[in-house]
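Participant: Structure supplied as work-v3.cif; contents: mmCIF, C-alpha atoms.
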data_start
loop_
_atom_site.label_atom_id
_atom_site.label_comp_id
_atom_site.auth_asym_id
_atom_site.auth_seq_id
_atom_site.Cartn_x
_atom_site.Cartn_y
_atom_site.Cartn_z
CA MET Q 1 -27.46 -25.78 36.65
CA GLU Q 2 -26.08 -25.98 33.12
CA GLY Q 3 -29.15 -27.89 31.96
CA TYR Q 4 -31.45 -25.36 33.64
CA ILE Q 5 -29.70 -22.41 31.97
CA LEU Q 6 -29.71 -24.13 28.59
CA ASP Q 7 -33.44 -24.84 28.94
CA TRP Q 8 -34.13 -21.16 29.59
CA ALA Q 9 -31.91 -20.10 26.70
CA ASN Q 10 -33.71 -22.58 24.47
CA LEU Q 11 -37.14 -21.31 25.53
CA LEU Q 12 -36.34 -17.60 25.16
CA LEU Q 13 -34.54 -18.02 21.85
CA ARG Q 14 -37.35 -20.21 20.51
CA TRP Q 15 -39.88 -17.57 21.56
CA LEU Q 16 -37.91 -14.80 19.84
CA HIS Q 17 -37.31 -16.95 16.76
CA VAL Q 18 -41.00 -17.77 16.31
CA ILE Q 19 -42.06 -14.14 16.76
CA THR Q 20 -39.58 -12.77 14.23
CA ALA Q 21 -40.23 -15.66 11.82
CA ILE Q 22 -43.94 -14.82 11.87
CA ALA Q 23 -43.09 -11.21 11.03
CA TRP Q 24 -40.71 -12.21 8.22
CA VAL Q 25 -42.93 -14.86 6.66
CA GLY Q 26 -45.96 -12.61 7.00
CA SER Q 27 -44.28 -9.69 5.23
CA SER Q 28 -42.98 -12.06 2.52
CA PHE Q 29 -46.45 -13.48 1.90
CA TYR Q 30 -47.99 -10.02 1.92
CA PHE Q 31 -45.63 -8.51 -0.62
CA VAL Q 32 -45.93 -11.50 -2.96
CA PHE Q 33 -49.71 -11.10 -2.72
CA LEU Q 34 -49.42 -7.35 -3.23
CA ASP Q 35 -47.17 -7.65 -6.27
CA SER Q 36 -49.47 -10.24 -7.85
CA SER Q 37 -52.64 -8.27 -7.10
CA LEU Q 38 -51.66 -4.86 -8.45
CA THR Q 39 -53.76 -3.43 -11.26
CA PRO Q 40 -52.76 -0.63 -13.67
CA PRO Q 41 -53.53 2.77 -12.13
CA GLU Q 42 -56.63 4.59 -13.31
CA ASP Q 43 -55.49 8.01 -12.16
CA GLU Q 44 -53.55 9.82 -14.89
CA ASP Q 45 -51.43 11.65 -12.30
CA LEU Q 46 -50.25 8.33 -10.91
CA LYS Q 47 -49.33 7.16 -14.41
CA LYS Q 48 -47.28 10.30 -14.98
CA GLN Q 49 -45.41 9.70 -11.74
CA GLY Q 50 -44.30 6.26 -12.95
CA VAL Q 51 -46.77 4.14 -10.97
CA SER Q 52 -47.04 0.69 -12.55
CA GLY Q 53 -49.70 -0.78 -10.26
CA GLU Q 54 -52.05 -0.04 -7.38
CA LEU Q 55 -54.24 -1.91 -4.92
CA TRP Q 56 -57.21 -0.82 -2.89
CA ALA Q 57 -57.73 -2.78 0.34
CA VAL Q 58 -59.67 -2.54 3.57
CA HIS Q 59 -58.35 -3.79 6.91
CA GLY Q 60 -58.70 -2.95 10.57
CA GLY Q 61 -61.40 -0.36 10.03
CA GLY Q 62 -59.53 1.64 7.40
CA PHE Q 63 -58.87 1.77 3.66
CA TYR Q 64 -55.39 1.41 2.19
CA HIS Q 65 -54.09 2.38 -1.21
CA PRO Q 66 -50.55 1.05 -1.84
CA VAL Q 67 -48.95 1.84 -5.20
CA LYS Q 68 -45.84 0.47 -6.90
CA PHE Q 69 -43.49 2.68 -8.87
CA ASN Q 70 -41.86 1.28 -11.98
CA VAL Q 71 -38.11 1.30 -11.13
CA SER Q 72 -38.21 4.30 -8.76
CA PRO Q 73 -40.45 7.12 -7.49
CA PRO Q 74 -39.94 10.66 -8.82
CA LYS Q 75 -38.89 11.78 -5.32
CA LEU Q 76 -37.83 9.99 -2.15
CA PRO Q 77 -40.05 10.54 0.90
CA ASP Q 78 -38.63 11.78 4.19
CA HIS Q 79 -39.46 8.50 5.91
CA LEU Q 80 -38.73 5.26 4.05
CA HIS Q 81 -39.37 1.92 5.79
CA TRP Q 82 -36.91 -0.90 5.13
CA PHE Q 83 -37.88 -4.56 5.50
CA TYR Q 84 -34.75 -6.36 6.65
CA TRP Q 85 -34.65 -6.66 10.42
CA GLU Q 86 -37.36 -9.31 10.31
CA SER Q 87 -35.02 -11.46 8.21
CA TYR Q 88 -31.85 -10.73 10.13
CA THR Q 89 -33.40 -11.25 13.56
CA THR Q 90 -35.02 -14.51 12.48
CA TRP Q 91 -31.70 -15.86 11.22
CA LEU Q 92 -29.67 -14.63 14.20
CA SER Q 93 -32.12 -16.05 16.74
CA GLY Q 94 -32.37 -19.29 14.75
CA PHE Q 95 -28.61 -19.70 14.58
CA ALA Q 96 -28.35 -19.01 18.32
CA LEU Q 97 -31.03 -21.64 18.92
CA LEU Q 98 -29.17 -24.11 16.69
CA THR Q 99 -26.03 -23.45 18.71
CA VAL Q 100 -27.72 -23.97 22.08
CA SER Q 101 -29.73 -27.01 21.01
CA TYR Q 102 -27.33 -28.87 18.70
CA LEU Q 103 -23.84 -27.44 18.34
CA TRP Q 104 -23.33 -27.14 22.10
CA ASN Q 105 -23.80 -30.90 22.51
CA ALA Q 106 -22.70 -32.03 19.08
CA ASN Q 107 -21.45 -35.37 20.41
CA ILE Q 108 -25.05 -36.19 21.38
CA TYR Q 109 -27.12 -34.57 18.64
CA LEU Q 110 -24.92 -34.39 15.51
CA VAL Q 111 -22.88 -37.60 15.58
CA ASN Q 112 -24.64 -40.38 13.67
CA PRO Q 113 -25.47 -43.27 16.06
CA ALA Q 114 -25.08 -45.78 13.21
CA ASP Q 115 -21.36 -44.98 13.12
CA PRO Q 116 -20.38 -42.94 16.21
CA ASN Q 117 -16.67 -43.24 15.42
CA ALA Q 118 -17.01 -41.83 11.89
CA MET Q 119 -16.39 -38.25 12.99
CA SER Q 120 -15.67 -36.29 16.13
CA ALA Q 121 -17.95 -33.64 17.61
CA PRO Q 122 -15.85 -30.73 16.22
CA LEU Q 123 -15.94 -32.32 12.78
CA ALA Q 124 -19.71 -32.74 13.07
CA VAL Q 125 -20.06 -29.03 13.91
CA PHE Q 126 -17.89 -28.13 10.92
CA ALA Q 127 -19.96 -30.38 8.66
CA ALA Q 128 -23.21 -28.84 9.89
CA LEU Q 129 -21.99 -25.28 9.31
CA SER Q 130 -20.66 -26.32 5.91
CA PHE Q 131 -24.14 -27.34 4.86
CA LEU Q 132 -25.34 -23.79 5.48
CA ALA Q 133 -22.44 -22.14 3.64
CA VAL Q 134 -21.93 -24.51 0.71
CA PHE Q 135 -25.60 -24.63 -0.24
CA TRP Q 136 -25.74 -20.83 -0.30
CA LEU Q 137 -22.65 -20.60 -2.50
CA LEU Q 138 -23.97 -23.18 -4.98
CA TYR Q 139 -27.47 -21.71 -5.03
CA ASP Q 140 -26.11 -18.20 -5.46
CA GLY Q 141 -23.86 -19.39 -8.29
CA ILE Q 142 -26.85 -20.97 -10.07
CA CYS Q 143 -28.78 -17.70 -9.81
CA ARG Q 144 -25.83 -15.65 -11.08
CA VAL Q 145 -25.21 -17.88 -14.10
CA PHE Q 146 -28.75 -18.78 -15.17
CA GLY Q 147 -31.03 -16.27 -13.41
CA PHE Q 148 -31.56 -13.91 -16.35
CA LYS Q 149 -31.03 -16.21 -19.29
CA LYS Q 150 -33.86 -17.43 -21.51
CA HIS Q 151 -36.13 -19.69 -19.44
CA GLY Q 152 -33.93 -18.72 -16.50
CA ASP Q 153 -36.61 -19.21 -13.84
CA ALA Q 154 -37.31 -22.78 -14.96
CA ILE Q 155 -33.59 -23.62 -15.16
CA VAL Q 156 -32.88 -22.16 -11.73
CA GLY Q 157 -35.89 -23.98 -10.24
CA ALA Q 158 -34.81 -27.33 -11.68
CA LEU Q 159 -31.18 -26.97 -10.58
CA VAL Q 160 -32.14 -25.83 -7.07
CA LEU Q 161 -34.48 -28.84 -6.78
CA VAL Q 162 -31.60 -31.16 -7.71
CA LEU Q 163 -29.36 -29.35 -5.23
CA VAL Q 164 -31.92 -29.73 -2.43
CA CYS Q 165 -32.31 -33.45 -3.20
CA ILE Q 166 -28.54 -34.00 -3.02
CA ALA Q 167 -28.31 -32.02 0.21
CA ALA Q 168 -31.18 -34.00 1.78
CA TYR Q 169 -29.57 -37.31 0.87
CA LEU Q 170 -26.19 -36.26 2.28
CA ALA Q 171 -27.64 -34.72 5.45
CA CYS Q 172 -29.68 -37.83 6.27
CA HIS Q 173 -26.65 -40.08 5.75
CA ILE Q 174 -24.19 -37.91 7.69
CA PHE Q 175 -26.31 -36.79 10.65
CA PRO Q 176 -29.02 -38.38 12.82
CA GLY Q 177 -32.46 -37.95 11.29
CA GLN Q 178 -33.67 -35.21 13.60
CA ALA Q 179 -30.53 -33.13 13.11
CA ALA Q 180 -30.62 -33.74 9.34
CA PHE Q 181 -34.17 -32.41 9.00
CA LEU Q 182 -33.41 -29.36 11.13
CA LEU Q 183 -30.19 -28.61 9.26
CA MET Q 184 -32.01 -28.75 5.94
CA GLY Q 185 -34.42 -26.13 7.23
CA ALA Q 186 -31.55 -24.03 8.57
CA MET Q 187 -29.75 -24.39 5.23
CA LEU Q 188 -32.66 -23.00 3.23
CA ALA Q 189 -33.37 -20.31 5.82
CA THR Q 190 -29.72 -19.22 5.67
CA SER Q 191 -30.00 -18.79 1.90
CA MET Q 192 -33.21 -16.82 2.36
CA SER Q 193 -31.57 -14.41 4.78
CA ALA Q 194 -28.42 -14.25 2.62
CA ASN Q 195 -30.63 -13.22 -0.32
CA VAL Q 196 -31.83 -10.29 1.75
CA PHE Q 197 -28.36 -9.40 3.07
CA PHE Q 198 -26.31 -9.77 -0.13
CA TRP Q 199 -28.79 -8.91 -2.88
CA ILE Q 200 -32.13 -7.37 -1.93
CA ILE Q 201 -31.02 -4.71 0.56
CA PRO Q 202 -27.76 -3.73 -1.23
CA GLY Q 203 -29.72 -3.32 -4.48
CA GLN Q 204 -32.28 -1.15 -2.78
CA ARG Q 205 -29.55 0.95 -1.16
CA THR Q 206 -27.95 1.46 -4.58
CA VAL Q 207 -31.27 2.68 -5.99
CA VAL Q 208 -31.80 5.05 -3.04
CA ARG Q 209 -28.27 6.39 -3.38
CA ALA Q 210 -28.78 7.03 -7.10
CA LEU Q 211 -32.03 8.87 -6.44
CA LYS Q 212 -30.40 11.07 -3.81
CA ASN Q 213 -27.54 11.89 -6.17
CA GLY Q 214 -29.85 12.55 -9.09
CA ASP Q 215 -28.34 9.69 -11.12
CA PRO Q 216 -30.33 7.42 -13.44
CA VAL Q 217 -31.56 4.21 -11.80
CA ASP Q 218 -30.60 0.88 -13.33
CA PRO Q 219 -33.70 -1.40 -13.30
CA ILE Q 220 -31.51 -4.50 -12.87
CA TYR Q 221 -31.40 -3.95 -9.10
CA GLY Q 222 -35.16 -4.18 -8.83
CA LYS Q 223 -35.24 -7.27 -11.05
CA ARG Q 224 -32.60 -9.03 -8.97
CA GLY Q 225 -34.33 -8.15 -5.73
CA LYS Q 226 -37.67 -9.38 -7.06
CA GLN Q 227 -36.09 -12.64 -8.24
CA ARG Q 228 -34.50 -13.43 -4.87
CA SER Q 229 -37.64 -12.37 -3.02
CA VAL Q 230 -39.73 -14.82 -5.07
CA HIS Q 231 -37.21 -17.58 -4.34
CA ASN Q 232 -37.57 -16.83 -0.65
CA THR Q 233 -41.33 -17.27 -0.74
CA TYR Q 234 -40.96 -20.74 -2.31
CA PHE Q 235 -38.43 -21.74 0.37
CA THR Q 236 -40.80 -20.71 3.16
CA LEU Q 237 -43.08 -23.76 3.45
CA PRO Q 238 -40.24 -26.30 3.10
CA VAL Q 239 -38.34 -24.48 5.85
CA LEU Q 240 -41.34 -24.43 8.17
CA PHE Q 241 -41.95 -28.15 7.64
CA ALA Q 242 -38.30 -29.00 8.37
CA MET Q 243 -38.36 -26.91 11.55
CA LEU Q 244 -41.60 -28.46 12.82
CA SER Q 245 -40.61 -32.02 11.95
CA ASN Q 246 -38.31 -32.46 14.97
CA HIS Q 247 -41.42 -33.07 17.10
CA TYR Q 248 -42.31 -36.23 15.15
CA GLY Q 249 -39.81 -39.04 15.41
CA TRP Q 250 -41.65 -41.32 12.98
CA LEU Q 251 -40.76 -38.85 10.20
CA TYR Q 252 -37.00 -38.98 10.51
CA ASN Q 253 -36.32 -42.26 12.37
CA GLN Q 254 -36.68 -44.55 9.39
CA LYS Q 255 -34.51 -45.82 6.55
CA TYR Q 256 -35.64 -43.55 3.73
CA ASN Q 257 -36.05 -40.37 5.76
CA TRP Q 258 -34.32 -38.38 3.02
CA LEU Q 259 -37.10 -39.28 0.58
CA VAL Q 260 -39.70 -38.22 3.15
CA LEU Q 261 -37.95 -34.88 3.53
CA ILE Q 262 -37.67 -34.31 -0.23
CA GLY Q 263 -41.31 -35.25 -0.78
CA MET Q 264 -42.66 -32.94 1.92
CA MET Q 265 -40.45 -30.03 0.83
CA PHE Q 266 -41.55 -30.50 -2.78
CA ALA Q 267 -45.19 -30.58 -1.65
CA GLY Q 268 -44.70 -27.35 0.30
CA ALA Q 269 -43.15 -25.58 -2.69
CA ALA Q 270 -45.97 -26.79 -4.98
CA ILE Q 271 -48.64 -25.56 -2.58
CA ARG Q 272 -46.88 -22.21 -2.29
CA GLN Q 273 -46.83 -22.00 -6.10
CA PHE Q 274 -50.60 -22.49 -6.06
CA PHE Q 275 -51.11 -19.50 -3.77
CA VAL Q 276 -48.66 -17.29 -5.67
CA LEU Q 277 -50.38 -17.93 -9.01
CA ARG Q 278 -53.85 -17.77 -7.49
CA HIS Q 279 -53.42 -14.06 -6.73
CA GLY Q 280 -52.90 -13.34 -10.42
CA HIS Q 281 -55.64 -15.76 -11.49
CA LYS Q 282 -58.26 -13.73 -9.65
CA LEU Q 283 -57.35 -10.84 -11.97
CA GLY Q 284 -57.51 -13.03 -15.05
CA ARG Q 285 -53.75 -13.09 -15.63
CA ASN Q 286 -53.29 -16.86 -15.77
CA LYS Q 287 -55.15 -20.15 -15.67
CA HIS Q 288 -56.38 -21.50 -12.36
CA PRO Q 289 -53.32 -23.04 -10.64
CA TRP Q 290 -55.24 -25.91 -8.99
CA PRO Q 291 -52.87 -28.57 -10.44
CA TYR Q 292 -50.07 -27.30 -8.18
CA ALA Q 293 -52.23 -27.66 -5.08
CA LEU Q 294 -53.40 -31.07 -6.24
CA ILE Q 295 -49.83 -32.27 -6.79
CA GLY Q 296 -48.76 -31.00 -3.36
CA VAL Q 297 -51.71 -32.64 -1.60
CA LEU Q 298 -51.21 -35.94 -3.45
CA VAL Q 299 -47.54 -36.02 -2.48
CA ILE Q 300 -48.46 -35.42 1.17
CA LEU Q 301 -51.11 -38.15 1.06
CA GLY Q 302 -48.58 -40.47 -0.56
CA VAL Q 303 -46.09 -39.88 2.26
CA ILE Q 304 -48.84 -40.41 4.84
CA ALA Q 305 -49.79 -43.73 3.23
CA TRP Q 306 -46.15 -44.77 2.95
CA LEU Q 307 -45.37 -44.14 6.64
CA ARG Q 308 -48.56 -45.68 8.01
CA PRO Q 309 -47.98 -48.12 10.90
CA GLY Q 310 -47.88 -51.78 9.99
CA PRO Q 311 -50.51 -54.21 11.28
CA LYS Q 312 -50.01 -55.65 14.73
CA PRO Q 313 -48.98 -59.32 14.75
CA ALA Q 314 -51.94 -61.60 15.23
CA VAL Q 315 -52.17 -63.83 18.29
CA ALA Q 316 -51.77 -67.50 17.44
CA ALA Q 317 -55.14 -69.24 17.01
CA SER Q 318 -54.11 -72.08 19.31
CA ALA Q 319 -53.43 -69.77 22.25
CA PRO Q 320 -56.20 -69.79 24.87
CA VAL Q 321 -58.07 -66.49 24.94
CA SER Q 322 -57.93 -66.32 28.73
CA GLN Q 323 -54.12 -66.39 28.82
CA PRO Q 324 -52.09 -63.15 28.53
CA ALA Q 325 -50.18 -62.67 25.28
CA ALA Q 326 -46.91 -62.17 27.14
CA GLY Q 327 -45.59 -61.98 30.68
CA ALA Q 328 -44.67 -58.79 32.45
CA VAL Q 329 -41.26 -57.36 31.51
CA PRO Q 330 -38.97 -57.10 34.57
CA TYR Q 331 -37.87 -53.58 35.45
CA GLY Q 332 -34.25 -54.69 35.48
CA GLU Q 333 -34.32 -55.21 31.71
CA VAL Q 334 -35.59 -51.73 30.83
CA ALA Q 335 -33.35 -50.19 33.51
CA LYS Q 336 -30.37 -51.37 31.46
CA VAL Q 337 -31.82 -49.58 28.42
CA PHE Q 338 -32.35 -46.38 30.41
CA ALA Q 339 -28.82 -46.56 31.81
CA GLN Q 340 -27.28 -46.94 28.37
CA HIS Q 341 -29.39 -44.52 26.35
CA CYS Q 342 -31.23 -42.10 28.65
CA VAL Q 343 -29.42 -41.10 31.84
CA LEU Q 344 -26.85 -39.04 29.95
CA CYS Q 345 -29.52 -36.33 29.64
CA HIS Q 346 -31.92 -37.45 32.40
CA SER Q 347 -29.98 -37.94 35.60
CA ALA Q 348 -30.28 -36.68 39.17
CA THR Q 349 -26.50 -36.18 39.33
CA GLY Q 350 -25.96 -34.62 35.89
CA LEU Q 351 -28.28 -33.16 33.27
CA ALA Q 352 -32.01 -33.43 33.93
CA GLN Q 353 -33.59 -32.21 30.70
CA LYS Q 354 -37.25 -31.21 31.20
CA ASN Q 355 -36.72 -32.12 34.87
CA VAL Q 356 -37.00 -35.81 33.96
CA LYS Q 357 -34.66 -38.18 35.83
CA LEU Q 358 -34.44 -41.86 34.88
CA ASP Q 359 -31.64 -43.18 37.06
CA SER Q 360 -33.78 -44.59 39.88
CA PRO Q 361 -36.98 -46.70 40.05
CA ALA Q 362 -38.79 -43.97 42.00
CA GLU Q 363 -38.03 -41.34 39.34
CA VAL Q 364 -38.94 -43.68 36.47
CA ALA Q 365 -42.29 -44.45 38.09
CA GLN Q 366 -43.24 -40.76 37.85
CA HIS Q 367 -42.64 -40.62 34.09
CA THR Q 368 -43.81 -43.95 32.68
CA GLN Q 369 -46.44 -42.34 30.41
CA GLN Q 370 -43.91 -39.80 29.09
CA ILE Q 371 -41.37 -42.56 28.47
CA TYR Q 372 -43.89 -44.58 26.45
CA GLN Q 373 -45.02 -41.54 24.47
CA GLN Q 374 -41.54 -40.27 23.62
CA VAL Q 375 -39.74 -43.60 23.09
CA VAL Q 376 -42.45 -45.81 21.59
CA VAL Q 377 -45.22 -43.67 20.09
CA LEU Q 378 -43.30 -40.64 18.79
CA ARG Q 379 -39.89 -42.37 18.69
CA LYS Q 380 -38.42 -38.96 19.48
CA MET Q 381 -36.21 -40.07 22.33
CA PRO Q 382 -33.34 -40.46 22.72
CA PHE Q 383 -32.99 -37.05 21.13
CA GLY Q 384 -31.41 -37.69 17.73
CA ASN Q 385 -31.02 -41.35 18.84
CA PRO Q 386 -27.36 -40.66 19.68
CA ASP Q 387 -26.49 -44.17 20.95
CA GLY Q 388 -28.55 -46.08 18.42
CA LEU Q 389 -31.55 -47.30 20.41
CA SER Q 390 -32.57 -50.40 18.47
CA ALA Q 391 -36.03 -51.47 17.38
CA ASP Q 392 -35.83 -54.43 19.79
CA GLU Q 393 -35.06 -52.08 22.69
CA ARG Q 394 -38.00 -49.84 21.78
CA ASP Q 395 -40.19 -52.94 21.66
CA LEU Q 396 -38.89 -53.92 25.10
CA VAL Q 397 -39.94 -50.53 26.50
CA LYS Q 398 -43.31 -50.95 24.79
CA ARG Q 399 -43.90 -54.39 26.32
CA TRP Q 400 -42.74 -53.15 29.72
CA PHE Q 401 -45.24 -50.28 29.68
CA GLU Q 402 -48.14 -52.32 28.30
CA SER Q 403 -47.53 -55.05 30.90
CA GLY Q 404 -47.91 -52.62 33.79
CA ALA Q 405 -44.67 -50.56 33.80
CA SER Q 406 -43.47 -52.14 37.01
CA THR Q 407 -40.48 -50.52 38.72
CA ALA Q 408 -40.14 -53.19 41.38
CA PRO Q 409 -36.61 -54.65 41.55
#
Any chance you could put this one into structure tokens?
Facilitator:
Amino acid sequence: MEGYILDWANLLLRWLHVITAIAWVGSSFYFVFLDSSLTPPEDEDLKKQGVSGELWAVHGGGFYHPVKFNVSPPKLPDHLHWFYWESYTTWLSGFALLTVSYLWNANIYLVNPADPNAMSAPLAVFAALSFLAVFWLLYDGICRVFGFKKHGDAIVGALVLVLVCIAAYLACHIFPGQAAFLLMGAMLATSMSANVFFWIIPGQRTVVRALKNGDPVDPIYGKRGKQRSVHNTYFTLPVLFAMLSNHYGWLYNQKYNWLVLIGMMFAGAAIRQFFVLRHGHKLGRNKHPWPYALIGVLVILGVIAWLRPGPKPAVAASAPVSQPAAGAVPYGEVAKVFAQHCVLCHSATGLAQKNVKLDSPAEVAQHTQQIYQQVVVLRKMPFGNPDGLSADERDLVKRWFESGASTAP
């Protein structure tokens, strides 16, 4: 029953998380586009009101005319929409999903199988949560110290890149690969939501309060909010890649997974830079940003080439063609592998994740294709490889399946 309830919690939280993430990412992309696409107003009345840019657009059968006020409007409207619940709900649902999927069974998903005695499950939970908090504190400190200095954007970008590289290396050496990739995404997403909670919204509330009180508005609040909002848009594609990567075991189940993660996150940020600058290029504000897209694509292609499967071993020339390459693998051999690595989460008497049970020949016979796909092709199972399923054991499962997947005793 516990497994059934956790599966439903996982499904519903994942559903909510994806919906709110779409809303948050969509609004982030839209406002970056809007800010980069504004043109100086032609109407003199708008100029007198303090409008610094406008955009005419058509969508859904209607015409829209958004305008941006430089610092603040002359008068607050009766109804002012705030963009923050998309961020908060995405983070809250994501953290709940992290809790249900990983923290709840930290001894399975967060303890590194290469050294299961290195830390306890509570320590693994503490380490995972520390990644979220410490990265935010360091990133926020970098922005506070260098954010508005000369060449501040370049300095902040370089230091955050170094910080992400260090975090990726540590995460992939402390946690199993799947958990490390997911935690890196959660780490960046936490900083994105913290930017909204600690800087963007408080700054906007300060501006609104000043307008209501008739006080002068300090433009620094808008500059800070814009800075953190731009950072968030660059984090978006790396976060999405990290979150999606847990479906592909060949990404994180290899020696240099931290370099794979860094490369793909860098590629995502470069591609996002291309789209950000492209909005302004269409108005003649900067050169065509194609080099950023090219760099991002080349990095992705490089990772693809690096991770390509190796050639299959050739059959000895002296072996008769009519003879099979190898004999059938007895079920008893793979049953030992299932008993050691799989039945903890796939058992008729305990957990039965995805309703898959692997503790009897009859149950195994119903899932041979799934076993091959998840263990051999995707290398996703065991989830996080908690007990250190070896390459030889995966090869044993492969040979068992390819030789007929017999479950006869």
Participant: Of the candidates Q:Lys75, Q:Lys68, Q:Arg272, Q:Arg379, which one gets nearest to Val208 (chain Q) if we count only C-alpha atoms?
Facilitator: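 Selected residue with least distance to Val208 (chain Q): Q:Lys75.
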Participant: Using only C-alpha atoms, which of the listed residues (Q:Ala365, Q:Ile5, Q:Val376, Q:Leu358) sits closest to Ala339 (chain Q)?
Facilitator: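 Ranking Q:Ala365, Q:Ile5, Q:Val376, Q:Leu358 by distance to Ala339 (chain Q), first place goes to Q:Leu358.
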Participant: Which is closest to Tyr234 (chain Q) among Q:Ala391, Q:Ala269, Q:Val160, Q:Leu13, if we use all atoms listed in the file?
Facilitator: Q:Ala269
Participant: Kindly resolve the PyMOL selection byres ((chain Q and resi 268) around 8) on the present coordinates and return the residues as a list in words.
Facilitator: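 Output of the PyMOL selection byres ((chain Q and resi 268) around 8): Leu237, Pro238, Phe241, Met264, Met265, Phe266, Ala267, Ala269, Ala270, Ile271, Arg272 and Gly296 of chain Q.
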Participant: Report as a PyMOL selection string all protein, DNA and RNA residues lying within 12 Å of Pro202 (chain Q), evaluated on all atoms listed in the file, omitting residues in the same chain fewer than 3 positions from it.
Facilitator: chain Q and resi 82+84+194-199+205-209+221-222+224-225
Participant: Can you list, as a list in words, every protein, DNA or RNA residue that comes within 9 Å of region 87-96 of chain Q when you count only C-alpha atoms, leaving out same-chain residues fewer than 4 positions away?
Facilitator: Asn10, Leu13, Arg14, Leu16, His17, Val18, Ile19, Thr20, Ala21, Ile22, Ala23, Trp24, Val25, Phe83, Val100, Ser101, Ala186, Ala189, Thr190, Met192, Ser193, Ala194, Val196 and Phe197 of chain Q
Participant: For CA of Leu244 (chain Q) and CA of Leu344 (chain Q), determine how far apart the two atoms are, in Å to one decimal place.
Facilitator: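 Atom-to-atom, CA of Leu244 (chain Q) to CA of Leu344 (chain Q), that is 25.0 Å.
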Participant: Write out as number ranges by chain the residues lying within 9 Å of Asn246 (chain Q), counting only C-alpha atoms and excluding same-chain residues fewer than 4 positions away.
Facilitator: Q: 177-179, 181-182, 242, 251-252, 380
Participant: What residues come out when you apply the PyMOL selection byres ((chain Q and resi 37) around 8) to this file, written as a PDB file with C-alpha atoms, in the coordinates of the input?
Facilitator:
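Printed below is out_38.pdb as written:
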ATOM      1  CA  PHE Q  33     -49.710 -11.100  -2.720  1.00  0.00           C
ATOM      2  CA  LEU Q  34     -49.420  -7.350  -3.230  1.00  0.00           C
ATOM      3  CA  ASP Q  35     -47.170  -7.650  -6.270  1.00  0.00           C
ATOM      4  CA  SER Q  36     -49.470 -10.240  -7.850  1.00  0.00           C
ATOM      5  CA  LEU Q  38     -51.660  -4.860  -8.450  1.00  0.00           C
ATOM      6  CA  THR Q  39     -53.760  -3.430 -11.260  1.00  0.00           C
ATOM      7  CA  LEU Q  55     -54.240  -1.910  -4.920  1.00  0.00           C
ATOM      8  CA  HIS Q 279     -53.420 -14.060  -6.730  1.00  0.00           C
ATOM      9  CA  GLY Q 280     -52.900 -13.340 -10.420  1.00  0.00           C
ATOM     10  CA  LEU Q 283     -57.350 -10.840 -11.970  1.00  0.00           C
TER      11      LEU Q 283
END
Participant: Restrict the output to region 179-210 of chain Q and C-alpha atoms, then write it as a CSV table (one decimal), in the first residue's frame.
Facilitator:
chain,number,residue,atom,x,y,z
Q,179,ALA,CA,20.4,11.7,-8.0
Q,180,ALA,CA,23.4,14.0,-8.8
Q,181,PHE,CA,21.8,15.2,-12.0
Q,182,LEU,CA,18.5,15.8,-10.4
Q,183,LEU,CA,20.0,17.7,-7.5
Q,184,MET,CA,21.9,19.9,-9.8
Q,185,GLY,CA,18.6,20.9,-11.5
Q,186,ALA,CA,16.9,21.4,-8.1
Q,187,MET,CA,19.9,23.5,-6.9
Q,188,LEU,CA,19.6,25.9,-9.9
Q,189,ALA,CA,15.8,25.9,-9.7
Q,190,THR,CA,16.0,26.8,-6.0
Q,191,SER,CA,18.2,29.8,-6.7
Q,192,MET,CA,15.8,30.9,-9.5
Q,193,SER,CA,12.8,30.8,-7.1
Q,194,ALA,CA,14.9,32.4,-4.3
Q,195,ASN,CA,15.7,35.3,-6.7
Q,196,VAL,CA,12.0,35.8,-7.1
Q,197,PHE,CA,11.3,35.5,-3.3
Q,198,PHE,CA,14.2,37.5,-1.9
Q,199,TRP,CA,14.9,40.1,-4.6
Q,200,ILE,CA,12.4,40.5,-7.4
Q,201,ILE,CA,9.1,40.6,-5.5
Q,202,PRO,CA,10.4,42.5,-2.4
Q,203,GLY,CA,11.8,45.1,-4.8
Q,204,GLN,CA,8.6,45.5,-6.6
Q,205,ARG,CA,6.7,45.7,-3.4
Q,206,THR,CA,9.0,48.5,-2.3
Q,207,VAL,CA,8.3,50.4,-5.5
Q,208,VAL,CA,4.6,50.0,-5.1
Q,209,ARG,CA,4.7,51.1,-1.5
Q,210,ALA,CA,6.7,54.2,-2.5
